There are 2 protein chains.
Amino acid sequence: MTDPAATPQLPFAGADHDHGRCIAAALDAAARLCGRRGARLTVLRRRVLELVWRSHAPTGAYAILETLHRDGRRAAPPTVYRALDFLLGQGLIHRIESLNAFVGCRDPDTPHAGQFLICNGCGTAAELDDRRIGAALSESASDAGFRLERQTVELRGLCPSCQEEPGDARGGA
Amino acid sequence: MTDPAATPQLPFAGADHDHGRCIAAALDAAARLCGRRGARLTVLRRRVLELVWRSHAPTGAYAILETLHRDGRRAAPPTVYRALDFLLGQGLIHRIESLNAFVGCRDPDTPHAGQFLICNGCGTAAELDDRRIGAALSESASDAGFRLERQTVELRGLCPSCQEEPGDARGGA
DNA sequence: TGTGAAACGTTATATTATTACGTTTTGCAG
DNA sequence: CTGCAAAACGTAATAATATAACGTTTCACA
């Protein structure tokens, strides 16, 4: 049941998938996208994106900051937040509100609202783009006379692996 | 295509509604509910609940803290967070993750997941409990093999009043 | 009315995020 | 290829949100 082709449709990548490919694909997509848009994917921004992608579990700004320090770079919080703001603006990452953390976007080319399944066991966040959810939200908002601009949908629970084996690879790829 | 049973009351109270009644009703419901459960709605907890209910816009913990100080009470952050934790535990309030703030629950008697429409104009948060949304989320989670435990649904946009008159009574009742 | 648990006060600190301003880098017009 | 303006980045300080740890008070009830 493990699909070898990167992260195709199943929201949860297998615990054993080749995460190097995820990272490489994300960085490649980012470079192409920024090139096309005339946005500057600087060394710092690229590195921050890479760090966000290190894991499928959302990463906090200060964890990124620490790694930059270990890289030997002098950096303070604004360094990180500015890079994160850029990446958010380009749709390359999403912010997980309930965790104050950030996760790579699987499909930065097409704008979309984030819908996430977040595992309480291993911390992995899987991104959805479910039309049923989108439709239900739109209808409900419209019924209330509400003009919808952005949605935050963060579902907590247990991913398939963690249902079998509680306490799976935390923070794992 | 509007199902009246799915969204029983209009989620947005009018800008002119009698908010004193909202507060009184909420405090009354809380007292009855805590009585029934043997939970202690202390003076402090009741006051914090009242402060959360002062507005339909979510209230931050430190705003509550300030008001407690103006009340003449000596209080520090833990005072407030403990009271908020109690109220959350009893289902009397909800936490709005995207705002780090808290809002009163309209229907504390029946356990439910929070779904919120949050106005970018006036800050008001209207609580929904829309079966279509619930169903879509359950189905989508189940399709992914995910065992759903909690949901965070926070929709941002403009409420009916703020669509007409941008920059409505901010923080208003 | 004593007693144990719950609630609360207090101090300190952790975590997340932003403001303000100076310096460096970069694209690009001349 | 120079120099300029804008963008990116460094730096210091601080704001905003949240929790840990421990002592004291309050309260239900035996």
# chains A, B, ... in the order shown; residues from 1 in each chain; ligands from 1

$ closest_atom_pairs --of "chain A" --to "chain B" --cutoff "9 Å" --atoms "only C-alpha atoms" --output "Markdown table"
| residue | atom | partner | partner_atom | distance |
| --- | --- | --- | --- | --- |
| A:Leu10 | CA | B:Ala144 | CA | 6.9 |
| A:Pro11 | CA | B:Ala144 | CA | 6.6 |
| A:Phe12 | CA | B:Ala144 | CA | 7.6 |
| A:Ile96 | CA | B:Ser98 | CA | 8.8 |
| A:Glu97 | CA | B:Ser98 | CA | 5.2 |
| A:Ser98 | CA | B:Glu97 | CA | 5.2 |
| A:Leu99 | CA | B:Glu97 | CA | 8.5 |
| A:Asn100 | CA | B:Glu97 | CA | 9.0 |
| A:Leu117 | CA | B:Ala141 | CA | 7.4 |
| A:Cys119 | CA | B:Phe146 | CA | 8.3 |
| A:Leu128 | CA | B:Ser140 | CA | 8.5 |
| A:Asp130 | CA | B:Ser140 | CA | 7.0 |
| A:Arg131 | CA | B:Ala136 | CA | 9.0 |
| A:Arg132 | CA | B:Ala136 | CA | 5.6 |
| A:Ile133 | CA | B:Ala136 | CA | 5.1 |
| A:Gly134 | CA | B:Ala136 | CA | 8.7 |
| A:Ala135 | CA | B:Ile133 | CA | 8.6 |
| A:Ala136 | CA | B:Ile133 | CA | 5.1 |
| A:Leu137 | CA | B:Ile133 | CA | 6.2 |
| A:Glu139 | CA | B:Thr2 | CA | 8.4 |
| A:Ser140 | CA | B:Asp130 | CA | 7.1 |
| A:Ala141 | CA | B:Leu117 | CA | 7.4 |
| A:Asp143 | CA | B:Thr2 | CA | 6.6 |
| A:Ala144 | CA | B:Pro11 | CA | 6.5 |
| A:Gly145 | CA | B:Pro160 | CA | 5.5 |
| A:Phe146 | CA | B:Cys159 | CA | 4.8 |
| A:Arg147 | CA | B:Leu158 | CA | 5.0 |
| A:Leu148 | CA | B:Gly157 | CA | 4.5 |
| A:Glu149 | CA | B:Gly157 | CA | 4.5 |
| A:Arg150 | CA | B:Arg156 | CA | 5.0 |
| A:Gln151 | CA | B:Leu155 | CA | 4.5 |
| A:Thr152 | CA | B:Glu154 | CA | 5.0 |
| A:Val153 | CA | B:Val153 | CA | 4.7 |
| A:Glu154 | CA | B:Thr152 | CA | 5.0 |
| A:Leu155 | CA | B:Gln151 | CA | 4.5 |
| A:Arg156 | CA | B:Arg150 | CA | 5.0 |
| A:Gly157 | CA | B:Leu148 | CA | 4.5 |
| A:Leu158 | CA | B:Arg147 | CA | 5.0 |
| A:Cys159 | CA | B:Phe146 | CA | 4.8 |
| A:Pro160 | CA | B:Gly145 | CA | 5.5 |
| A:Gln163 | CA | B:Arg147 | CA | 7.7 |

$ closest_atom_pairs --of "chain B" --to "chain D" --cutoff "9 Å" --atoms "only C-alpha atoms (C1' of nucleotides)" --output "tab-separated table"
residue	atom	partner	partner_atom	distance
B:Gly60	CA	D:DT17	C1'	9.0
B:Ala61	CA	D:DT17	C1'	8.2
B:Tyr62	CA	D:DT17	C1'	8.2
B:Pro77	CA	D:DA18	C1'	8.1
B:Pro78	CA	D:DT19	C1'	7.9
B:Tyr81	CA	D:DA18	C1'	8.2
B:Asn100	CA	D:DT17	C1'	7.7

$ write_last_selection --atoms "C-alpha atoms" --output "PDB file, in the first residue's frame"
ATOM      1  CA  GLY B  60      -7.387  37.381  24.613  1.00  0.00           C
ATOM      2  CA  ALA B  61      -6.199  36.058  27.945  1.00  0.00           C
ATOM      3  CA  TYR B  62      -4.230  39.208  28.679  1.00  0.00           C
ATOM      4  CA  PRO B  77      -1.365  34.914  33.865  1.00  0.00           C
ATOM      5  CA  PRO B  78      -1.875  31.514  35.517  1.00  0.00           C
ATOM      6  CA  TYR B  81      -5.319  30.509  32.095  1.00  0.00           C
ATOM      7  CA  ASN B 100      -5.109  32.984  20.328  1.00  0.00           C
TER       8      ASN B 100
END

$ interface_residues --of "chain B" --to "chain C" --cutoff "12 Å" --atoms "only C-alpha atoms (C1' of nucleotides)" --output "PDB file with C-alpha atoms, in the first residue's frame"
ATOM      1  CA  ALA B  39     -18.292  21.509  38.920  1.00  0.00           C
ATOM      2  CA  ARG B  40     -17.399  24.617  40.874  1.00  0.00           C
ATOM      3  CA  LEU B  41     -18.185  27.822  39.080  1.00  0.00           C
ATOM      4  CA  THR B  42     -16.239  30.048  41.455  1.00  0.00           C
ATOM      5  CA  VAL B  43     -16.463  33.825  41.568  1.00  0.00           C
ATOM      6  CA  LEU B  44     -13.293  34.096  39.521  1.00  0.00           C
ATOM      7  CA  ARG B  45     -14.393  31.582  36.903  1.00  0.00           C
ATOM      8  CA  ARG B  73      -8.113  41.552  41.939  1.00  0.00           C
ATOM      9  CA  ARG B  74      -4.514  40.481  42.163  1.00  0.00           C
ATOM     10  CA  ALA B  75      -4.005  38.126  39.311  1.00  0.00           C
ATOM     11  CA  ALA B  76      -1.209  36.823  37.143  1.00  0.00           C
ATOM     12  CA  PRO B  77      -1.365  34.914  33.865  1.00  0.00           C
ATOM     13  CA  PRO B  78      -1.875  31.514  35.517  1.00  0.00           C
ATOM     14  CA  THR B  79      -4.961  32.844  37.246  1.00  0.00           C
ATOM     15  CA  VAL B  80      -6.545  33.578  33.914  1.00  0.00           C
ATOM     16  CA  TYR B  81      -5.319  30.509  32.095  1.00  0.00           C
ATOM     17  CA  ARG B  82      -6.555  28.224  34.850  1.00  0.00           C
ATOM     18  CA  ALA B  83      -9.989  29.753  34.711  1.00  0.00           C
ATOM     19  CA  PHE B  86     -11.799  25.146  33.438  1.00  0.00           C
ATOM     20  CA  ASN B 100      -5.109  32.984  20.328  1.00  0.00           C
TER      21      ASN B 100
END

$ select_by_dssp --residues "chain B" --states "helix (DSSP H, G or I)" --output "ChimeraX atom specification"
/B:19-37,43-53,61-71,77-89,97-99,131-143,160-164

$ calpha_fit_rmsd --fixed "chain B" --moving "chain A"
3.4 Å

$ closest_residue --among "A:Leu92, A:Val52, A:Val103, A:Ile23" --to "A:Glu127" --atoms "only C-alpha atoms"
A:Val103

$ closest_residue --among "B:Ala57, B:Ala63, B:Pro111, B:Leu27" --to "B:Gly89" --atoms "only C-alpha atoms"
B:Pro111

$ select_by_dssp --residues "chain A" --states "strand (DSSP E or B)" --output "ChimeraX atom specification"
/A:59,93-96,101-104,115-119,125-128,147-158

$ decode --residues "chain D" --atoms "C-alpha atoms (C1' of nucleotides)" --output "compact mmCIF listing (two decimals), in the first residue's frame"
# COMPACT_ATOMS: atom_id res chain seq x y z
C1' DC D 1 30.97 49.52 -15.36
C1' DT D 2 29.30 52.78 -12.17
C1' DG D 3 25.96 54.33 -9.11
C1' DC D 4 21.32 54.39 -7.47
C1' DA D 5 16.98 52.67 -5.51
C1' DA D 6 14.73 48.87 -3.72
C1' DA D 7 14.81 44.61 -1.63
C1' DA D 8 16.86 41.54 1.51
C1' DC D 9 19.13 40.83 5.54
C1' DG D 10 21.40 41.75 10.31
C1' DT D 11 20.73 43.39 14.83
C1' DA D 12 18.76 44.95 19.23
C1' DA D 13 15.02 45.50 21.79
C1' DT D 14 10.59 44.32 23.17
C1' DA D 15 5.73 42.69 22.79
C1' DA D 16 2.38 39.06 23.24
C1' DT D 17 1.11 34.53 24.57
C1' DA D 18 1.66 30.63 27.70
C1' DT D 19 3.48 27.45 31.31
C1' DA D 20 6.25 25.55 35.39
C1' DA D 21 6.86 25.23 40.11
C1' DC D 22 5.62 25.94 44.59
C1' DG D 23 3.32 28.13 48.57
C1' DT D 24 -1.23 29.66 50.66
C1' DT D 25 -6.13 29.86 51.06
C1' DT D 26 -10.69 28.04 50.59
C1' DC D 27 -14.13 24.67 50.71
C1' DA D 28 -16.84 20.37 50.90
C1' DC D 29 -17.67 16.97 53.79
C1' DA D 30 -16.50 13.35 56.95
